[in-house]
file target-v3.txt (compact mmCIF, C-alpha atoms and all ligand atoms)
# COMPACT_ATOMS: atom_id res chain seq x y z
CA MET A 185 3.02 -9.78 10.59
CA ALA A 186 4.34 -11.57 7.59
CA ASP A 187 4.82 -15.22 8.30
CA TYR A 188 5.11 -17.95 5.73
CA ALA A 189 4.98 -20.54 8.50
CA ARG A 190 1.21 -19.86 8.54
CA ASN A 191 1.14 -21.45 5.15
CA LYS A 192 2.65 -24.61 6.58
CA LYS A 193 0.72 -27.04 4.41
CA PHE A 194 1.92 -25.57 1.12
CA LEU A 195 5.44 -25.01 2.40
CA SER A 196 5.73 -28.63 3.59
CA ALA A 197 4.22 -30.03 0.38
CA SER A 198 6.43 -27.95 -1.92
CA THR A 199 9.55 -28.77 0.14
CA LEU A 200 8.78 -32.50 0.02
CA LEU A 201 8.16 -32.28 -3.74
CA MET A 202 11.52 -30.56 -4.29
CA LEU A 203 13.28 -33.18 -2.12
CA ALA A 204 11.61 -35.94 -4.15
CA ILE A 205 12.87 -34.28 -7.35
CA ALA A 206 16.39 -34.09 -5.86
CA ALA A 207 16.21 -37.82 -4.97
CA TYR A 208 15.16 -38.69 -8.52
CA MET A 209 17.89 -36.51 -10.06
CA SER A 210 20.46 -37.99 -7.71
CA PHE A 211 19.43 -41.53 -8.68
CA SER A 212 19.39 -40.66 -12.37
CA LEU A 213 22.49 -38.45 -12.68
CA VAL A 214 24.85 -39.57 -9.94
CA TRP A 215 24.39 -43.18 -8.82
CA HIS A 216 25.61 -45.04 -11.88
CA GLU A 217 28.80 -45.91 -13.73
CA PRO A 218 31.02 -44.16 -14.76
CA VAL A 219 30.47 -41.48 -12.05
CA PRO A 220 33.32 -42.07 -9.51
CA GLU A 221 32.02 -43.53 -6.24
CA ALA A 222 33.84 -40.91 -4.15
CA ARG A 223 31.85 -38.12 -5.83
CA ARG A 224 28.39 -39.62 -5.51
CA VAL A 225 27.59 -38.59 -1.91
CA PRO A 226 28.82 -34.95 -2.26
CA LEU A 227 27.00 -34.55 -5.59
CA SER A 228 23.78 -35.94 -4.10
CA LEU A 229 24.09 -33.60 -1.11
CA ALA A 230 24.61 -30.66 -3.48
CA LEU A 231 21.38 -31.57 -5.31
CA VAL A 232 19.50 -31.77 -1.99
CA LEU A 233 20.85 -28.34 -0.97
CA PHE A 234 19.83 -26.81 -4.32
CA SER A 235 16.36 -28.34 -3.96
CA LEU A 236 15.91 -26.55 -0.62
CA CYS A 237 16.77 -23.16 -2.09
CA ILE A 238 13.14 -22.13 -2.78
CA THR A 239 11.97 -23.02 0.74
CA THR A 240 14.95 -21.22 2.28
CA LEU A 241 14.28 -18.06 0.26
CA ARG A 242 10.57 -18.07 1.11
CA VAL A 243 11.34 -18.24 4.83
CA LEU A 244 14.21 -15.72 4.73
CA VAL A 245 12.20 -13.13 2.78
CA THR A 246 9.72 -12.87 5.66
CA ARG A 247 12.12 -13.40 8.57
CA ARG A 248 14.93 -11.06 7.51
CA PRO A 249 13.71 -7.55 6.67
CA ASP A 250 17.27 -6.57 5.69
CA LEU A 251 17.66 -9.38 3.12
CA PRO A 252 19.38 -7.89 0.04
CA PHE A 253 17.67 -8.28 -3.35
CA GLY A 254 20.95 -9.57 -4.80
CA PHE A 255 20.89 -12.51 -2.40
CA VAL A 256 17.33 -13.44 -3.43
CA ARG A 257 18.24 -13.20 -7.12
CA ALA A 258 21.34 -15.39 -6.63
CA GLY A 259 19.19 -17.98 -4.85
CA GLY A 260 16.61 -17.67 -7.63
CA PHE A 261 19.30 -18.44 -10.18
CA VAL A 262 20.24 -21.65 -8.33
CA SER A 263 16.55 -22.69 -8.16
CA SER A 264 16.08 -21.91 -11.86
CA ALA A 265 19.16 -23.97 -12.78
CA PHE A 266 17.92 -26.85 -10.60
CA LEU A 267 14.50 -26.87 -12.30
CA SER A 268 16.09 -26.60 -15.76
CA LEU A 269 18.38 -29.54 -14.99
CA PHE A 270 15.35 -31.50 -13.77
CA TRP A 271 13.63 -30.97 -17.11
CA LEU A 272 16.79 -31.98 -19.03
CA THR A 273 17.08 -35.10 -16.86
CA LEU A 274 13.48 -36.05 -17.63
CA LEU A 275 14.19 -35.55 -21.32
CA ARG A 276 17.36 -37.66 -21.23
CA ASP A 277 15.64 -40.45 -19.24
CA THR A 278 12.72 -40.48 -21.68
CA ALA A 279 15.24 -41.01 -24.50
CA LEU A 280 16.87 -43.84 -22.53
CA GLY A 281 13.45 -45.44 -21.89
CA ALA A 282 12.58 -45.21 -25.59
CA ALA A 283 15.93 -46.82 -26.52
CA PHE A 284 15.27 -49.63 -24.06
CA LEU A 285 11.83 -50.29 -25.56
CA LEU A 286 13.24 -50.19 -29.08
CA ARG A 287 15.88 -52.77 -28.18
CA THR A 288 13.15 -55.04 -26.79
CA LEU A 289 11.08 -54.69 -29.96
CA LEU A 290 14.06 -54.86 -32.34
CA PRO A 291 16.71 -57.14 -30.78
CA GLY A 292 19.02 -56.64 -33.79
CA LEU A 293 19.78 -53.09 -32.54
CA GLY A 294 21.61 -54.39 -29.45
CA SER A 295 25.05 -52.87 -30.07
CA ALA A 296 23.66 -49.52 -31.28
CA LYS A 297 21.54 -49.31 -28.14
CA GLU A 298 24.58 -50.03 -25.94
CA ALA A 299 26.50 -47.20 -27.61
CA PHE A 300 23.50 -44.88 -27.14
CA PHE A 301 23.23 -45.77 -23.44
CA HIS A 302 26.97 -45.36 -23.01
CA ALA A 303 26.91 -41.88 -24.58
CA LEU A 304 23.89 -40.58 -22.63
CA LEU A 305 25.18 -41.86 -19.28
CA SER A 306 28.75 -40.60 -19.81
CA VAL A 307 30.30 -37.92 -17.58
CA PRO A 308 30.87 -35.48 -20.49
CA PHE A 309 27.20 -35.74 -21.52
CA GLU A 310 25.94 -35.18 -17.98
CA SER A 311 28.40 -32.29 -17.53
CA GLY A 312 26.93 -30.82 -20.72
CA MET A 313 23.44 -31.20 -19.23
CA LEU A 314 24.57 -29.31 -16.12
CA ALA A 315 26.05 -26.51 -18.25
CA ALA A 316 22.85 -26.40 -20.33
CA GLY A 317 20.79 -26.16 -17.10
CA PHE A 318 22.77 -23.11 -15.98
CA GLY A 319 22.55 -21.64 -19.50
CA MET A 320 18.76 -22.10 -19.58
CA ALA A 321 18.45 -20.46 -16.17
CA ALA A 322 20.59 -17.46 -17.20
CA ALA A 323 18.74 -16.92 -20.49
CA GLY A 324 15.32 -17.54 -18.90
CA MET A 325 16.08 -15.02 -16.14
CA ALA A 326 17.29 -12.42 -18.64
CA LEU A 327 13.95 -12.78 -20.48
CA ALA A 328 11.89 -12.78 -17.30
CA LEU A 329 13.44 -9.81 -15.52
CA ARG A 330 12.88 -7.31 -18.35
CA ALA A 331 10.09 -4.79 -18.03
CA PRO A 332 6.96 -6.38 -19.54
CA GLN A 333 5.56 -5.31 -22.91
CA VAL A 334 1.99 -4.08 -23.35
CA ARG A 335 -0.12 -6.79 -24.98
CA GLU A 336 -3.49 -5.82 -26.42
CA THR A 337 -6.39 -8.25 -26.22
CA ARG A 338 -9.81 -7.42 -27.63
CA ILE A 339 -12.64 -9.05 -25.72
CA PRO A 340 -15.90 -9.31 -27.69
CA ILE A 341 -18.92 -9.26 -25.39
CA PRO A 342 -22.24 -9.17 -27.33
CA SER A 343 -24.21 -7.96 -24.27
CA LEU A 344 -21.87 -5.00 -23.71
CA PRO A 345 -23.82 -1.71 -23.42
CA ALA A 346 -23.13 0.56 -26.40
CA GLY A 347 -21.54 3.27 -24.25
CA LEU A 348 -18.91 0.83 -23.02
CA ASP A 349 -17.81 -0.24 -26.51
CA GLY A 350 -14.04 0.32 -26.65
CA LEU A 351 -13.56 0.49 -22.86
CA ARG A 352 -9.82 0.30 -22.14
CA ILE A 353 -8.76 -1.70 -19.10
CA VAL A 354 -5.17 -2.24 -18.04
CA GLN A 355 -4.90 -5.45 -16.04
CA LEU A 356 -1.81 -5.82 -13.87
CA SER A 357 -1.13 -8.92 -11.82
CA ASP A 358 1.43 -10.80 -9.74
CA PHE A 359 4.15 -8.20 -9.28
CA HIS A 360 5.67 -10.18 -6.40
CA ILE A 361 7.71 -7.13 -5.47
CA GLY A 362 10.36 -8.10 -2.94
CA ALA A 363 11.50 -11.41 -4.41
CA SER A 364 13.08 -10.53 -7.76
CA PHE A 365 11.51 -7.22 -8.73
CA GLY A 366 12.07 -3.88 -7.05
CA GLY A 367 10.95 -0.26 -7.29
CA ARG A 368 12.74 0.68 -10.51
CA TRP A 369 11.07 -2.17 -12.41
CA LEU A 370 7.67 -1.23 -10.95
CA ALA A 371 8.12 2.45 -11.84
CA GLU A 372 8.63 1.42 -15.49
CA VAL A 373 5.51 -0.78 -15.35
CA VAL A 374 3.53 2.19 -14.02
CA ARG A 375 4.93 4.46 -16.76
CA ARG A 376 3.93 1.97 -19.48
CA SER A 377 0.47 1.48 -17.96
CA ASN A 378 -0.20 5.23 -17.75
CA ALA A 379 0.90 5.61 -21.38
CA GLN A 380 -2.14 3.51 -22.42
CA GLU A 381 -4.49 6.18 -20.96
CA PRO A 382 -6.77 3.46 -19.55
CA ASP A 383 -10.34 3.91 -18.34
CA LEU A 384 -9.64 1.50 -15.50
CA VAL A 385 -6.56 -0.15 -13.99
CA LEU A 386 -7.44 -3.44 -12.31
CA ILE A 387 -4.87 -5.35 -10.26
CA THR A 388 -5.50 -9.04 -9.60
CA GLY A 389 -3.33 -9.80 -6.59
CA ASP A 390 0.12 -10.86 -5.41
CA LEU A 391 1.46 -7.34 -5.24
CA ALA A 392 3.99 -8.02 -2.47
CA ASP A 393 6.43 -10.67 -1.34
CA GLY A 394 7.55 -9.31 2.01
CA SER A 395 6.44 -6.90 4.71
CA PRO A 396 6.07 -3.10 4.32
CA GLU A 397 8.95 -2.82 6.76
CA ARG A 398 11.23 -4.39 4.14
CA ILE A 399 9.86 -3.30 0.78
CA GLU A 400 7.47 -0.37 1.21
CA GLN A 401 9.67 1.94 -0.87
CA HIS A 402 9.73 -0.61 -3.72
CA LEU A 403 5.91 -0.72 -3.96
CA ARG A 404 5.46 3.04 -3.60
CA PRO A 405 5.51 3.65 -7.42
CA LEU A 406 1.97 2.17 -7.41
CA ALA A 407 0.85 5.57 -6.11
CA GLY A 408 1.57 6.89 -9.62
CA LEU A 409 -0.93 4.63 -11.44
CA GLN A 410 -3.48 6.65 -13.38
CA ALA A 411 -6.87 5.75 -14.88
CA LYS A 412 -9.93 7.83 -15.83
CA HIS A 413 -12.33 5.87 -13.59
CA GLY A 414 -10.11 4.39 -10.89
CA VAL A 415 -7.41 1.94 -9.87
CA LEU A 416 -8.88 -1.07 -8.08
CA ALA A 417 -7.24 -4.20 -6.68
CA VAL A 418 -7.82 -7.49 -4.90
CA PRO A 419 -5.26 -9.31 -2.76
CA GLY A 420 -3.61 -12.58 -3.75
CA ASN A 421 -2.33 -15.38 -1.54
CA HIS A 422 1.16 -13.84 -1.30
CA ASP A 423 -0.35 -10.59 -0.01
CA TYR A 424 -1.88 -12.54 2.86
CA TYR A 425 1.45 -14.21 3.58
CA SER A 426 3.17 -10.81 3.46
CA GLY A 427 0.90 -9.26 6.11
CA LEU A 428 -2.28 -7.98 4.49
CA VAL A 429 -3.42 -5.59 7.24
CA PRO A 430 -0.37 -3.28 7.19
CA TRP A 431 -0.28 -3.43 3.38
CA LEU A 432 -3.94 -2.39 3.08
CA GLU A 433 -3.22 0.82 4.94
CA LYS A 434 -0.34 1.63 2.57
CA TRP A 435 -2.16 0.75 -0.65
CA ARG A 436 -5.28 2.72 0.25
CA GLY A 437 -3.08 5.66 1.22
CA TRP A 438 -1.54 5.50 -2.27
CA GLY A 439 -4.96 5.72 -3.95
CA LEU A 440 -5.66 2.05 -4.67
CA ASP A 441 -9.25 1.00 -4.02
CA VAL A 442 -8.78 -2.49 -2.50
CA LEU A 443 -11.90 -4.65 -2.73
CA LEU A 444 -12.28 -7.22 0.05
CA ASN A 445 -15.39 -9.28 -0.77
CA ALA A 446 -16.86 -5.95 -1.85
CA HIS A 447 -17.78 -3.93 -4.94
CA ARG A 448 -17.93 -0.40 -6.27
CA ASP A 449 -20.49 0.92 -8.74
CA ILE A 450 -18.72 3.28 -11.10
CA PRO A 451 -20.54 5.50 -13.61
CA VAL A 452 -18.86 5.15 -17.02
CA HIS A 453 -20.31 6.95 -20.06
CA GLY A 454 -23.79 6.86 -18.56
CA HIS A 455 -23.65 3.21 -17.51
CA ARG A 456 -23.34 1.64 -14.08
CA VAL A 457 -20.24 -0.58 -14.08
CA ARG A 458 -19.89 -2.81 -11.06
CA ILE A 459 -16.33 -3.81 -10.15
CA ALA A 460 -16.42 -6.59 -7.57
CA GLY A 461 -13.50 -8.29 -5.86
CA VAL A 462 -13.24 -11.49 -3.85
CA ASN A 463 -10.54 -12.40 -1.36
CA ASP A 464 -8.15 -15.25 -1.88
CA ARG A 465 -9.15 -18.62 -0.46
CA CYS A 466 -5.87 -18.88 1.48
CA ALA A 467 -7.59 -16.60 4.05
CA ARG A 468 -9.02 -19.72 5.63
CA HIS A 469 -5.51 -20.68 6.81
CA PHE A 470 -5.38 -17.56 9.00
CA PRO A 471 -7.38 -18.17 12.23
CA GLU A 472 -7.76 -14.43 12.88
CA TYR A 473 -9.39 -13.87 9.44
CA ARG A 474 -11.47 -17.03 9.13
CA SER A 475 -14.72 -15.54 10.42
CA SER A 476 -14.12 -11.96 9.23
CA PRO A 477 -16.46 -10.87 6.40
CA ASP A 478 -13.84 -8.36 5.15
CA MET A 479 -10.64 -10.36 5.50
CA GLY A 480 -11.99 -13.91 5.38
CA PRO A 481 -12.36 -16.47 2.55
CA PRO A 482 -14.05 -15.55 -0.76
CA ASP A 483 -17.70 -14.52 -0.39
CA LEU A 484 -19.06 -14.08 -3.88
CA ARG A 485 -22.61 -13.30 -2.78
CA ARG A 486 -21.37 -10.44 -0.60
CA ALA A 487 -18.90 -9.19 -3.21
CA LEU A 488 -21.34 -9.05 -6.11
CA ALA A 489 -24.51 -8.23 -4.07
CA MET A 490 -26.53 -8.77 -7.24
CA GLY A 491 -29.94 -8.70 -5.52
CA GLU A 492 -29.31 -5.40 -3.73
CA GLY A 493 -29.91 -1.87 -4.98
CA LEU A 494 -29.92 -0.91 -8.64
CA ARG A 495 -28.79 -3.58 -11.07
CA PRO A 496 -25.48 -2.83 -12.77
CA ASP A 497 -25.30 -2.57 -16.57
CA PHE A 498 -22.02 -4.48 -16.63
CA THR A 499 -20.16 -6.45 -13.98
CA ILE A 500 -16.45 -7.17 -13.77
CA LEU A 501 -15.23 -9.61 -11.12
CA LEU A 502 -11.65 -9.56 -9.84
CA SER A 503 -10.55 -12.90 -8.40
CA HIS A 504 -6.88 -13.71 -7.92
CA ARG A 505 -7.37 -17.37 -8.88
CA PRO A 506 -9.17 -18.35 -12.08
CA GLY A 507 -10.26 -21.83 -10.93
CA ASP A 508 -13.74 -20.86 -9.68
CA ALA A 509 -14.76 -19.19 -12.95
CA ALA A 510 -17.68 -21.56 -13.64
CA GLU A 511 -19.24 -20.87 -10.21
CA ASN A 512 -18.61 -17.13 -10.62
CA ALA A 513 -20.29 -17.08 -14.05
CA ALA A 514 -23.44 -18.52 -12.46
CA PHE A 515 -23.60 -15.48 -10.16
CA GLY A 516 -23.99 -13.13 -13.11
CA ALA A 517 -20.54 -11.60 -13.70
CA ASP A 518 -19.95 -10.56 -17.34
CA LEU A 519 -16.15 -10.58 -17.19
CA GLN A 520 -13.71 -12.11 -14.72
CA LEU A 521 -10.09 -11.04 -14.46
CA SER A 522 -7.60 -13.34 -12.73
CA GLY A 523 -3.89 -14.00 -12.38
CA HIS A 524 -2.08 -16.41 -10.05
CA THR A 525 -0.86 -18.85 -12.73
CA HIS A 526 2.02 -16.71 -14.10
CA GLY A 527 1.16 -18.46 -17.36
CA GLY A 528 3.01 -21.52 -16.05
CA GLN A 529 6.37 -19.65 -16.31
CA PHE A 530 8.23 -22.60 -17.92
CA PHE A 531 6.80 -24.63 -20.80
CA PHE A 532 7.44 -27.94 -19.06
CA LEU A 533 5.13 -26.83 -16.21
CA PHE A 534 2.25 -25.75 -18.48
CA PRO A 535 0.25 -29.01 -18.18
CA LEU A 536 0.65 -29.08 -14.40
CA VAL A 537 -0.30 -25.40 -13.95
CA SER A 538 -3.32 -25.84 -16.25
CA HIS A 539 -4.43 -28.90 -14.31
CA ILE A 540 -4.12 -27.19 -10.92
CA ASN A 541 -6.14 -24.20 -12.20
CA ARG A 542 -8.94 -26.22 -13.81
CA GLY A 543 -7.63 -25.71 -17.33
CA PHE A 544 -7.10 -21.92 -17.11
CA ARG A 545 -3.42 -20.99 -17.59
CA SER A 546 -3.17 -17.79 -19.64
CA GLY A 547 -5.27 -15.67 -22.03
CA LEU A 548 -8.94 -15.38 -22.88
CA TYR A 549 -11.56 -18.06 -22.12
CA ARG A 550 -15.35 -18.36 -22.30
CA VAL A 551 -17.00 -19.90 -19.27
CA SER A 552 -20.78 -20.38 -19.39
CA GLY A 553 -21.30 -17.09 -21.24
CA MET A 554 -18.81 -15.15 -19.09
CA ALA A 555 -15.50 -13.92 -20.48
CA LEU A 556 -12.44 -14.81 -18.39
CA HIS A 557 -9.03 -13.23 -18.88
CA VAL A 558 -6.10 -14.85 -17.07
CA SER A 559 -3.01 -12.66 -16.93
CA PRO A 560 0.29 -14.51 -17.43
CA GLY A 561 1.65 -12.10 -14.82
CA THR A 562 3.15 -8.63 -15.02
CA GLY A 563 5.84 -10.02 -12.74
CA MET A 564 6.25 -13.58 -11.57
CA TRP A 565 7.16 -15.92 -8.79
CA GLY A 566 10.61 -14.70 -7.86
CA TYR A 567 12.11 -17.76 -6.22
CA ALA A 568 12.69 -19.38 -9.62
CA PRO A 569 12.64 -16.18 -11.69
CA MET A 570 12.81 -17.49 -15.24
CA ARG A 571 10.36 -17.72 -18.08
CA TRP A 572 10.38 -20.04 -21.06
CA GLY A 573 7.55 -20.01 -23.59
CA CYS A 574 5.40 -17.50 -21.73
CA ARG A 575 6.15 -13.78 -21.54
CA SER A 576 5.10 -11.45 -18.77
CA GLU A 577 2.80 -8.66 -19.90
CA ILE A 578 0.89 -5.51 -19.11
CA SER A 579 -2.53 -6.61 -20.37
CA LEU A 580 -4.42 -3.92 -22.29
CA LEU A 581 -7.97 -5.27 -22.54
CA ILE A 582 -10.34 -3.55 -24.95
CA LEU A 583 -14.00 -4.46 -24.58
CA THR A 584 -16.02 -4.56 -27.79
CA ARG A 585 -19.60 -5.50 -28.71
CA ASN A 586 -18.49 -7.86 -31.49
FE FE N 1 1.48 -14.87 -8.06
call {"tool": "encode", "arguments": {"input": "target-v3.txt", "output": "structure tokens"}}
result
Amino acid sequence: MADYARNKKFLSASTLLMLAIAAYMSFSLVWHEPVPEARRVPLSLALVLFSLCITTLRVLVTRRPDLPFGFVRAGGFVSSAFLSLFWLTLLRDTALGAAFLLRTLLPGLGSAKEAFFHALLSVPFESGMLAAGFGMAAAGMALALRAPQVRETRIPIPSLPAGLDGLRIVQLSDFHIGASFGGRWLAEVVRRSNAQEPDLVLITGDLADGSPERIEQHLRPLAGLQAKHGVLAVPGNHDYYSGLVPWLEKWRGWGLDVLLNAHRDIPVHGHRVRIAGVNDRCARHFPEYRSSPDMGPPDLRRALAMGEGLRPDFTILLSHRPGDAAENAAFGADLQLSGHTHGGQFFFLFPLVSHINRGFRSGLYRVSGMALHVSPGTGMWGYAPMRWGCRSEISLLILTRN
């Protein structure tokens, strides 16, 4: 049963963070002259309410199977505007801080600095910031909600067996169907993926945001994915929150080979290609999965099983999160595919997202001789559904020997 309350730690931390941001914005935007005193409390309360939008949506999506998509998108617009306004507030306050420093260093600029402060703290300027926040959210959502383009990335791997030169892999990741994206969007993604005539389609988690009861028909287009040698997937953290057991039954029924700390050896042009998949580490938050080899936390040794049976000629590891790439490389994988980061979604979050994911945000990396491709997301996190500076994509990966 889908239940975000199981993810209490993250939900509490993210809610507290958003409340802290609301407190900062309230202090910075509302509690100063010339904002009329009578408006300060209602404006601060409005900021607090907006800050709670993401948490509210996350809980409602799992508790209300009949929740309309339009409601989630409207809430997502409010969250996007709130985050955009936060960034504009940081920018404005940095300018004020710089002006303050300049006045200290160059006392002769006193009157110019006063005029600058007066302008940036005025009601018209702050109203303009609010309008710009809504404008950024609207434009960012329009960019983010389009069907993603195919982006080709060539991955040179010197040790690649000759028969695998030119192997075409479509990597899909982070659909998050059920928050902002629905079945029509996914059907177009499937059409564009099939048009690439891939050898393999590999899906790196976060397929669903919601239970099958609510959104099964929106994920059903996945049944139409085509590849010469198979469509394989691993779950992401949101799939666990959405109720992994009932989803597994659906996905497998639709022809997806879901790897749970497991692998498949697939013959491709005379070579043995091992596709291994590890679970997401959020499994440890679910008491019923904690000690399960299939459903439990990542078990790389079990997934890759490198010492058992015939050695593969080439090994691809699917891991929703990219952060453990260095450890995974030591186990002998040749290529790791990951998602989870959504490429940071907004440029002002890029440093934070990179930091949280050990420097891996989007694109191709080399980690101790292993190639790592991090998808910026075919979809994205739908509770603040905007993108700035990072497009969603259907990743067409072409493996080459040089
Ligand atoms: Fe995701």
call {"tool": "residues_around", "arguments": {"input": "target-v3.txt", "residues": "segment 427-429 of chain A", "least_positions_apart": "3", "cutoff": "10 Å", "atoms": "all atoms listed in the file", "output": "PyMOL selection string"}}
result
chain A and resi 185-188+246+392-396+419-424+432-434+479
call {"tool": "atom_distance", "arguments": {"input": "target-v3.txt", "atom1": "atom CA of Lys193 of chain A", "atom2": "atom CA of Ser522 of chain A"}}
result
23.5 Å
call {"tool": "residues_near_ligand", "arguments": {"input": "target-v3.txt", "ligand": "ligand FE 1 (chain N)", "cutoff": "8 Å", "atoms": "all atoms listed in the file", "output": "PyMOL selection string"}}
result
chain A and resi 357-360+389-390+420-422+523-526+561+564-565
call {"tool": "residues_around", "arguments": {"input": "target-v3.txt", "residues": "Ala265 of chain A", "least_positions_apart": "3", "cutoff": "6 Å", "atoms": "all atoms listed in the file", "output": "list of chain:residue names"}}
result
A:Val262, A:Ser268, A:Gly317, A:Phe318, A:Ala321
call {"tool": "atom_distance", "arguments": {"input": "target-v3.txt", "atom1": "atom CA of Ser196 of chain A", "atom2": "atom CA of Asn463 of chain A"}}
result
23.5 Å
call {"tool": "closest_atom_pairs", "arguments": {"input": "target-v3.txt", "of": "segment 306-381 of chain A", "to": "segment 231-241 of chain A", "cutoff": "12 Å", "atoms": "all atoms listed in the file", "output": "tab-separated table"}}
result
residue	atom	partner	partner_atom	distance
A:Leu314	CA	A:Leu231	CA	11.5
A:Gly362	CA	A:Leu241	CA	11.2
A:Ala363	CA	A:Leu241	CA	8.6
A:Ser364	CA	A:Leu241	CA	11.1
call {"tool": "atom_distance", "arguments": {"input": "target-v3.txt", "atom1": "atom CA of Gly507 of chain A", "atom2": "atom CA of Pro471 of chain A"}}
result
23.6 Å
call {"tool": "residues_around", "arguments": {"input": "target-v3.txt", "residues": "Val225 of chain A", "least_positions_apart": "3", "cutoff": "10 Å", "atoms": "only C-alpha atoms", "output": "compact mmCIF listing (two decimals) with C-alpha atoms, in the frame of the given file"}}
result
# COMPACT_ATOMS: atom_id res chain seq x y z
CA SER A 210 20.46 -37.99 -7.71
CA VAL A 214 24.85 -39.57 -9.94
CA TRP A 215 24.39 -43.18 -8.82
CA GLU A 221 32.02 -43.53 -6.24
CA ALA A 222 33.84 -40.91 -4.15
CA SER A 228 23.78 -35.94 -4.10
CA LEU A 229 24.09 -33.60 -1.11
CA ALA A 230 24.61 -30.66 -3.48
CA LEU A 231 21.38 -31.57 -5.31
call {"tool": "closest_residue", "arguments": {"input": "target-v3.txt", "among": "A:Leu391, A:Leu304, A:Leu267, A:Ala487", "to": "Thr499 of chain A", "atoms": "only C-alpha atoms"}}
result
A:Ala487
call {"tool": "closest_residue", "arguments": {"input": "target-v3.txt", "among": "A:Ala568, A:Ala206, A:Val373, A:Ala283", "to": "Ser263 of chain A", "atoms": "all atoms listed in the file"}}
result
A:Ala568
call {"tool": "closest_residue", "arguments": {"input": "target-v3.txt", "among": "A:Met570, A:Ala323, A:Phe365, A:Leu213", "to": "Leu272 of chain A", "atoms": "all atoms listed in the file"}}
result
A:Leu213
call {"tool": "residues_near_point", "arguments": {"input": "target-v3.txt", "point": "(-21.4, -2.3, -23.3)", "cutoff": "10 Å", "atoms": "all atoms listed in the file", "output": "PyMOL selection string"}}
result
chain A and resi 340-351+453+455+457+497-498+583-585
call {"tool": "closest_residue", "arguments": {"input": "target-v3.txt", "among": "A:His504, A:Arg338, A:Lys192, A:His539", "to": "Val558 of chain A", "atoms": "all atoms listed in the file"}}
result
A:His504
call {"tool": "residues_around", "arguments": {"input": "target-v3.txt", "residues": "Ile500 of chain A", "least_positions_apart": "6", "cutoff": "8 Å", "atoms": "all atoms listed in the file", "output": "list in words"}}
result
Val457, Arg458, Ile459, Ala460, Ala517, Asp518, Leu519, Gln520 and Leu521 of chain A
call {"tool": "closest_residue", "arguments": {"input": "target-v3.txt", "among": "A:Asp464, A:Glu511, A:Asp478, A:Glu310", "to": "Phe270 of chain A", "atoms": "all atoms listed in the file"}}
result
A:Glu310
call {"tool": "closest_residue", "arguments": {"input": "target-v3.txt", "among": "A:Leu580, A:Ser476, A:Ala467, A:Gly563", "to": "Leu327 of chain A", "atoms": "only C-alpha atoms"}}
result
A:Gly563
call {"tool": "residues_near_point", "arguments": {"input": "target-v3.txt", "point": "(4.8, 3.6, -20.3)", "cutoff": "12 Å", "atoms": "all atoms listed in the file", "output": "JSON, numbers by chain"}}
result
{"A": [331, 332, 333, 334, 354, 369, 370, 371, 372, 373, 374, 375, 376, 377, 378, 379, 380, 381, 382, 408, 409, 410, 578]}
call {"tool": "axis_aligned_box", "arguments": {"input": "target-v3.txt", "around": "segment 192-207 of chain A", "padding_each_side": "3 Å", "output": "lines of an AutoDock Vina configuration file"}}
result
center_x = 8.6
center_y = -31.2
center_z = -0.4
size_x = 21.7
size_y = 19.2
size_z = 19.9
call {"tool": "decode", "arguments": {"input": "target-v3.txt", "residues": "segment 416-423 of chain A", "atoms": "N, CA, C and O atoms", "output": "PDB file, in the first residue's frame"}}
result
ATOM      1  N   LEU A 416      14.333  -3.664 -19.715  1.00  0.00           N
ATOM      2  CA  LEU A 416      14.636  -4.019 -18.318  1.00  0.00           C
ATOM      3  C   LEU A 416      14.572  -2.776 -17.447  1.00  0.00           C
ATOM      4  O   LEU A 416      14.822  -1.654 -17.925  1.00  0.00           O
ATOM      5  N   ALA A 417      14.258  -2.970 -16.160  1.00  0.00           N
ATOM      6  CA  ALA A 417      14.067  -1.812 -15.274  1.00  0.00           C
ATOM      7  C   ALA A 417      14.498  -2.135 -13.851  1.00  0.00           C
ATOM      8  O   ALA A 417      14.541  -3.298 -13.450  1.00  0.00           O
ATOM      9  N   VAL A 418      14.830  -1.073 -13.123  1.00  0.00           N
ATOM     10  CA  VAL A 418      15.004  -1.190 -11.664  1.00  0.00           C
ATOM     11  C   VAL A 418      14.068  -0.171 -11.009  1.00  0.00           C
ATOM     12  O   VAL A 418      13.718   0.842 -11.634  1.00  0.00           O
ATOM     13  N   PRO A 419      13.668  -0.431  -9.777  1.00  0.00           N
ATOM     14  CA  PRO A 419      12.803   0.543  -9.091  1.00  0.00           C
ATOM     15  C   PRO A 419      13.612   1.694  -8.505  1.00  0.00           C
ATOM     16  O   PRO A 419      14.799   1.542  -8.199  1.00  0.00           O
ATOM     17  N   GLY A 420      12.940   2.840  -8.349  1.00  0.00           N
ATOM     18  CA  GLY A 420      13.533   3.975  -7.643  1.00  0.00           C
ATOM     19  C   GLY A 420      12.825   4.166  -6.313  1.00  0.00           C
ATOM     20  O   GLY A 420      11.881   3.432  -5.988  1.00  0.00           O
ATOM     21  N   ASN A 421      13.269   5.151  -5.556  1.00  0.00           N
ATOM     22  CA  ASN A 421      12.665   5.364  -4.236  1.00  0.00           C
ATOM     23  C   ASN A 421      11.164   5.658  -4.322  1.00  0.00           C
ATOM     24  O   ASN A 421      10.366   5.167  -3.528  1.00  0.00           O
ATOM     25  N   HIS A 422      10.733   6.395  -5.342  1.00  0.00           N
ATOM     26  CA  HIS A 422       9.300   6.721  -5.439  1.00  0.00           C
ATOM     27  C   HIS A 422       8.459   5.492  -5.767  1.00  0.00           C
ATOM     28  O   HIS A 422       7.275   5.464  -5.446  1.00  0.00           O
ATOM     29  N   ASP A 423       9.065   4.492  -6.399  1.00  0.00           N
ATOM     30  CA  ASP A 423       8.323   3.257  -6.667  1.00  0.00           C
ATOM     31  C   ASP A 423       8.072   2.496  -5.365  1.00  0.00           C
ATOM     32  O   ASP A 423       7.021   1.879  -5.199  1.00  0.00           O
TER      33      ASP A 423
END
